[in-house]
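Student: Okay, handing you the structure first.
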Amino acid sequence: SCGITPHNYNFQGCPLFLASDSGLCVGIPGHGLPRCGIDGRGDICQTLGITGVVIVSTPQEVALADARKGIAMFTGDKVNVPILGLVENMAWFTPAQHPDERYYLFGREGGVRLAKELGIRLLAQIPLVADVCDDADAGTPIALKDTVMGHEFLHLAHEVTDAVDERNRQLPPTAKVELKKK
């Protein structure tokens, strides 16, 4: 659990993907996250305006509960950052040799249901494929391979780009988040 409640935003150890005007920041708070994200204390770094956030969750209920809390935090009065969409990670397991087979190890379509329930865009469902570990160890970018995973990550990149474009058409320019101390 990421320790997120409606009044306490402790993101220590939770992966974050933040889209800003300067690009997409990816990291884990407290582990070298760029200064365009949230640090281990839960403070919004005020160096960049955040265009929007991508929520990433696995399909099981406990992970979806954390995703709901994160969405509530970002869309709440204190932070008020648009949600670009949701990614369902480890949506199913697919053996590399049998890409049409799907085994739902962590539940089925929990992210799909959450996106529909909250009226947010489902950006992608990323499967779990055993070759990912070997490719990562070899330094091979997943998105450059002609595989199920490669196609899903390219699809995700296009969806995030579309979501940012849509956000920029519908909302005013990004402003830095100003936190008010009590």
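We label chains A, B, ... in the order they appear in the structure tokens, count residues from 1 in each chain, and number ligands from 1 in the order shown.
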For Ala67 in chain A, list every protein, DNA or RNA residue within 10 Å, evaluated using only C-alpha atoms, and leave out those in the same chain fewer than 2 positions away; present the list as a JSON list (two decimals) with all heavy atoms, in the first residue's frame.

Tutor:
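That gives us result38.json:
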```
[["chain", "number", "residue", "atom", "x", "y", "z"],
["A", 2, "CYS", "N", 0.42, 2.26, -0.66],
["A", 2, "CYS", "CA", 1.18, 3.50, -0.78],
["A", 2, "CYS", "C", 0.91, 4.46, 0.36],
["A", 2, "CYS", "O", 1.49, 5.53, 0.41],
["A", 2, "CYS", "CB", 0.86, 4.19, -2.10],
["A", 2, "CYS", "SG", 1.35, 3.22, -3.52],
["A", 4, "ILE", "N", -1.83, 6.21, 1.02],
["A", 4, "ILE", "CA", -2.54, 7.40, 0.57],
["A", 4, "ILE", "C", -3.94, 7.38, 1.16],
["A", 4, "ILE", "O", -4.67, 6.42, 1.02],
["A", 4, "ILE", "CB", -2.65, 7.42, -0.97],
["A", 4, "ILE", "CG1", -1.28, 7.28, -1.60],
["A", 4, "ILE", "CG2", -3.37, 8.67, -1.45],
["A", 4, "ILE", "CD1", -1.32, 6.92, -3.05],
["A", 55, "ILE", "N", -2.32, 7.26, -14.09],
["A", 55, "ILE", "CA", -2.47, 6.35, -12.96],
["A", 55, "ILE", "C", -2.19, 4.94, -13.46],
["A", 55, "ILE", "O", -2.74, 4.52, -14.48],
["A", 55, "ILE", "CB", -3.89, 6.43, -12.37],
["A", 55, "ILE", "CG1", -4.24, 7.85, -11.93],
["A", 55, "ILE", "CG2", -4.07, 5.42, -11.23],
["A", 55, "ILE", "CD1", -3.42, 8.40, -10.80],
["A", 56, "VAL", "N", -1.31, 4.21, -12.76],
["A", 56, "VAL", "CA", -0.98, 2.84, -13.14],
["A", 56, "VAL", "C", -1.39, 1.92, -12.00],
["A", 56, "VAL", "O", -1.05, 2.17, -10.85],
["A", 56, "VAL", "CB", 0.53, 2.68, -13.42],
["A", 56, "VAL", "CG1", 0.86, 1.25, -13.83],
["A", 56, "VAL", "CG2", 0.97, 3.67, -14.50],
["A", 57, "SER", "N", -2.13, 0.87, -12.35],
["A", 57, "SER", "CA", -2.60, -0.08, -11.34],
["A", 57, "SER", "C", -2.63, -1.48, -11.93],
["A", 57, "SER", "O", -2.79, -1.65, -13.13],
["A", 57, "SER", "CB", -4.01, 0.29, -10.87],
["A", 57, "SER", "OG", -4.48, -0.64, -9.90],
["A", 58, "THR", "N", -2.49, -2.46, -11.08],
["A", 58, "THR", "CA", -2.77, -3.83, -11.49],
["A", 58, "THR", "C", -4.26, -4.06, -11.28],
["A", 58, "THR", "O", -4.93, -3.26, -10.61],
["A", 58, "THR", "CB", -1.91, -4.82, -10.67],
["A", 58, "THR", "OG1", -2.12, -4.58, -9.28],
["A", 58, "THR", "CG2", -0.43, -4.68, -11.02],
["A", 61, "GLU", "N", -8.19, -5.85, -6.52],
["A", 61, "GLU", "CA", -8.92, -4.84, -5.75],
["A", 61, "GLU", "C", -8.04, -4.00, -4.84],
["A", 61, "GLU", "O", -8.25, -2.80, -4.72],
["A", 61, "GLU", "CB", -10.06, -5.49, -4.96],
["A", 61, "GLU", "CG", -11.22, -5.94, -5.84],
["A", 61, "GLU", "CD", -11.82, -4.83, -6.70],
["A", 61, "GLU", "OE1", -12.02, -3.71, -6.20],
["A", 61, "GLU", "OE2", -12.08, -5.09, -7.89],
["A", 62, "VAL", "N", -7.05, -4.61, -4.17],
["A", 62, "VAL", "CA", -6.21, -3.84, -3.26],
["A", 62, "VAL", "C", -5.43, -2.76, -4.01],
["A", 62, "VAL", "O", -5.28, -1.63, -3.53],
["A", 62, "VAL", "CB", -5.28, -4.76, -2.43],
["A", 62, "VAL", "CG1", -4.22, -5.41, -3.28],
["A", 62, "VAL", "CG2", -4.66, -3.99, -1.27],
["A", 63, "ALA", "N", -4.95, -3.06, -5.20],
["A", 63, "ALA", "CA", -4.24, -2.07, -6.01],
["A", 63, "ALA", "C", -5.20, -1.01, -6.53],
["A", 63, "ALA", "O", -4.85, 0.18, -6.60],
["A", 63, "ALA", "CB", -3.53, -2.76, -7.17],
["A", 64, "LEU", "N", -6.40, -1.41, -6.88],
["A", 64, "LEU", "CA", -7.40, -0.46, -7.37],
["A", 64, "LEU", "C", -7.81, 0.52, -6.27],
["A", 64, "LEU", "O", -8.09, 1.68, -6.55],
["A", 64, "LEU", "CB", -8.61, -1.19, -7.93],
["A", 64, "LEU", "CG", -8.33, -2.06, -9.16],
["A", 64, "LEU", "CD1", -9.52, -2.94, -9.47],
["A", 64, "LEU", "CD2", -7.95, -1.20, -10.35],
["A", 65, "ALA", "N", -7.81, 0.06, -5.03],
["A", 65, "ALA", "CA", -8.12, 0.95, -3.91],
["A", 65, "ALA", "C", -7.07, 2.05, -3.81],
["A", 65, "ALA", "O", -7.39, 3.23, -3.60],
["A", 65, "ALA", "CB", -8.21, 0.16, -2.61],
["A", 69, "LYS", "N", -7.47, 6.23, -4.43],
["A", 69, "LYS", "CA", -6.95, 7.24, -3.51],
["A", 69, "LYS", "C", -6.03, 8.22, -4.23],
["A", 69, "LYS", "O", -6.08, 9.43, -3.98],
["A", 69, "LYS", "CB", -6.22, 6.58, -2.35],
["A", 69, "LYS", "CG", -7.15, 5.80, -1.43],
["A", 69, "LYS", "CD", -6.36, 5.04, -0.39],
["A", 69, "LYS", "CE", -7.26, 4.14, 0.45],
["A", 69, "LYS", "NZ", -6.50, 3.32, 1.39],
["A", 70, "GLY", "N", -5.20, 7.71, -5.12],
["A", 70, "GLY", "CA", -4.33, 8.58, -5.90],
["A", 70, "GLY", "C", -5.13, 9.52, -6.79],
["A", 70, "GLY", "O", -4.82, 10.72, -6.89],
["A", 71, "ILE", "N", -6.16, 8.98, -7.42],
["A", 71, "ILE", "CA", -7.02, 9.81, -8.27],
["A", 71, "ILE", "C", -7.70, 10.89, -7.44],
["A", 71, "ILE", "O", -7.74, 12.06, -7.83],
["A", 71, "ILE", "CB", -8.05, 8.93, -9.01],
["A", 71, "ILE", "CG1", -7.34, 8.06, -10.05],
["A", 71, "ILE", "CG2", -9.14, 9.78, -9.66],
["A", 71, "ILE", "CD1", -8.18, 6.93, -10.60],
["A", 72, "ALA", "N", -8.19, 10.51, -6.26],
["A", 72, "ALA", "CA", -8.84, 11.49, -5.37],
["A", 72, "ALA", "C", -7.85, 12.58, -4.95],
["A", 72, "ALA", "O", -8.21, 13.77, -4.89],
["A", 72, "ALA", "CB", -9.42, 10.78, -4.14],
["A", 73, "MET", "N", -6.61, 12.20, -4.68],
["A", 73, "MET", "CA", -5.61, 13.17, -4.27],
["A", 73, "MET", "C", -5.32, 14.16, -5.41],
["A", 73, "MET", "O", -5.32, 15.36, -5.20],
["A", 73, "MET", "CB", -4.32, 12.45, -3.85],
["A", 73, "MET", "CG", -3.27, 13.34, -3.21],
["A", 73, "MET", "SD", -2.11, 14.21, -4.30],
["A", 73, "MET", "CE", -1.33, 12.91, -5.18],
["A", 86, "LEU", "N", -5.75, 5.93, -17.18],
["A", 86, "LEU", "CA", -5.36, 4.81, -16.34],
["A", 86, "LEU", "C", -4.71, 3.73, -17.20],
["A", 86, "LEU", "O", -5.18, 3.45, -18.31],
["A", 86, "LEU", "CB", -6.60, 4.23, -15.65],
["A", 86, "LEU", "CG", -6.36, 3.00, -14.80],
["A", 86, "LEU", "CD1", -6.07, 3.42, -13.36],
["A", 86, "LEU", "CD2", -7.55, 2.08, -14.83],
["A", 111, "GLY", "N", -8.91, -2.63, -13.89],
["A", 111, "GLY", "CA", -8.62, -1.28, -14.37],
["A", 111, "GLY", "C", -9.66, -0.80, -15.36],
["A", 111, "GLY", "O", -10.00, 0.39, -15.38],
["A", 114, "LEU", "N", -12.58, 0.26, -13.23],
["A", 114, "LEU", "CA", -12.30, 1.50, -12.51],
["A", 114, "LEU", "C", -12.37, 2.71, -13.44],
["A", 114, "LEU", "O", -12.95, 3.74, -13.09],
["A", 114, "LEU", "CB", -10.93, 1.44, -11.82],
["A", 114, "LEU", "CG", -10.53, 2.67, -11.02],
["A", 114, "LEU", "CD1", -11.52, 2.93, -9.88],
["A", 114, "LEU", "CD2", -9.12, 2.52, -10.49]]
```

Student: Excluding range 125-142 of chain A and residues on its chain fewer than 4 positions from it, collect all residues at most 10 Å away from it, counting only C-alpha atoms, and give them as a VMD selection string.

Tutor: chain A and resid 56 to 59 86 to 97 99 102 to 105 109 111 to 112 146 to 156

Student: Using DSSP on the backbone, list every residue of range 67-167 of chain A that comes out as helix (DSSP H, G or I), and give them as a ChimeraX atom specification.

Tutor: /A:67-75,110-118,131-138,142-144,148-167

Student: Between CA of Gly110 in chain A and CA of Val54 in chain A, measure the distance and give it in Å to one decimal.

Tutor: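 Pair CA of Gly110 in chain A / CA of Val54 in chain A returns 16.1 Å.
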
Student: For CA of Glu117 in chain A and CA of Val53 in chain A, quote the distance in Å rounded to one decimal.

Tutor: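 Separation of CA of Glu117 in chain A and CA of Val53 in chain A: 17.9 Å.
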
Student: Near range 159-169 of chain A, counting only C-alpha atoms, which residues have an atom at most 9 Å away, once you skip same-chain residues fewer than 5 positions from it, shown as an MDAnalysis selection string?

Tutor: chainID A and resid 19 51:52 54 82 84:85 121:124 154 174

Student: Within range 88-143 of chain A, find each residue whose DSSP state, derived from the backbone, is strand (DSSP E), and express the selection as number ranges by chain.

Tutor: A: 88-93, 122-128

Student: With N, CA and C atoms retained, write the just-selected residues as a PDB file, in the first residue's frame.

Tutor:
```
ATOM      1  N   GLU A  88      -3.724  -0.274 -16.951  1.00  0.00           N
ATOM      2  CA  GLU A  88      -3.828  -1.513 -16.200  1.00  0.00           C
ATOM      3  C   GLU A  88      -2.582  -2.331 -16.511  1.00  0.00           C
ATOM      4  N   ASN A  89      -1.672  -2.394 -15.542  1.00  0.00           N
ATOM      5  CA  ASN A  89      -0.419  -3.125 -15.704  1.00  0.00           C
ATOM      6  C   ASN A  89      -0.615  -4.563 -15.246  1.00  0.00           C
ATOM      7  N   MET A  90       0.110  -5.483 -15.837  1.00  0.00           N
ATOM      8  CA  MET A  90      -0.007  -6.904 -15.534  1.00  0.00           C
ATOM      9  C   MET A  90      -1.464  -7.363 -15.664  1.00  0.00           C
ATOM     10  N   ALA A  91      -2.114  -6.877 -16.718  1.00  0.00           N
ATOM     11  CA  ALA A  91      -3.526  -7.160 -16.947  1.00  0.00           C
ATOM     12  C   ALA A  91      -3.779  -8.659 -17.126  1.00  0.00           C
ATOM     13  N   TRP A  92      -2.821  -9.355 -17.689  1.00  0.00           N
ATOM     14  CA  TRP A  92      -2.868 -10.801 -17.858  1.00  0.00           C
ATOM     15  C   TRP A  92      -1.473 -11.298 -18.141  1.00  0.00           C
ATOM     16  N   PHE A  93      -1.268 -12.580 -17.999  1.00  0.00           N
ATOM     17  CA  PHE A  93       0.001 -13.204 -18.364  1.00  0.00           C
ATOM     18  C   PHE A  93      -0.172 -13.846 -19.737  1.00  0.00           C
ATOM     19  N   LEU A 122      -9.158   4.805 -20.281  1.00  0.00           N
ATOM     20  CA  LEU A 122      -8.288   3.641 -20.140  1.00  0.00           C
ATOM     21  C   LEU A 122      -7.244   3.748 -21.243  1.00  0.00           C
ATOM     22  N   LEU A 123      -6.005   4.011 -20.865  1.00  0.00           N
ATOM     23  CA  LEU A 123      -4.944   4.230 -21.851  1.00  0.00           C
ATOM     24  C   LEU A 123      -4.419   2.928 -22.440  1.00  0.00           C
ATOM     25  N   ALA A 124      -4.292   1.906 -21.611  1.00  0.00           N
ATOM     26  CA  ALA A 124      -3.755   0.630 -22.100  1.00  0.00           C
ATOM     27  C   ALA A 124      -3.932  -0.445 -21.045  1.00  0.00           C
ATOM     28  N   GLN A 125      -3.936  -1.671 -21.514  1.00  0.00           N
ATOM     29  CA  GLN A 125      -3.835  -2.843 -20.656  1.00  0.00           C
ATOM     30  C   GLN A 125      -2.530  -3.519 -21.046  1.00  0.00           C
ATOM     31  N   ILE A 126      -1.582  -3.513 -20.129  1.00  0.00           N
ATOM     32  CA  ILE A 126      -0.252  -4.047 -20.408  1.00  0.00           C
ATOM     33  C   ILE A 126      -0.170  -5.469 -19.856  1.00  0.00           C
ATOM     34  N   PRO A 127       0.107  -6.456 -20.723  1.00  0.00           N
ATOM     35  CA  PRO A 127       0.220  -7.834 -20.236  1.00  0.00           C
ATOM     36  C   PRO A 127       1.560  -8.083 -19.552  1.00  0.00           C
ATOM     37  N   LEU A 128       1.628  -9.169 -18.855  1.00  0.00           N
ATOM     38  CA  LEU A 128       2.857  -9.636 -18.229  1.00  0.00           C
ATOM     39  C   LEU A 128       3.418 -10.731 -19.133  1.00  0.00           C
TER      40      LEU A 128
END
```

Student: CA of Arg113 in chain A to CA of Gln60 in chain A: how many Å, to one decimal?

Tutor: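 Atom-to-atom, CA of Arg113 in chain A to CA of Gln60 in chain A, that is 11.1 Å.
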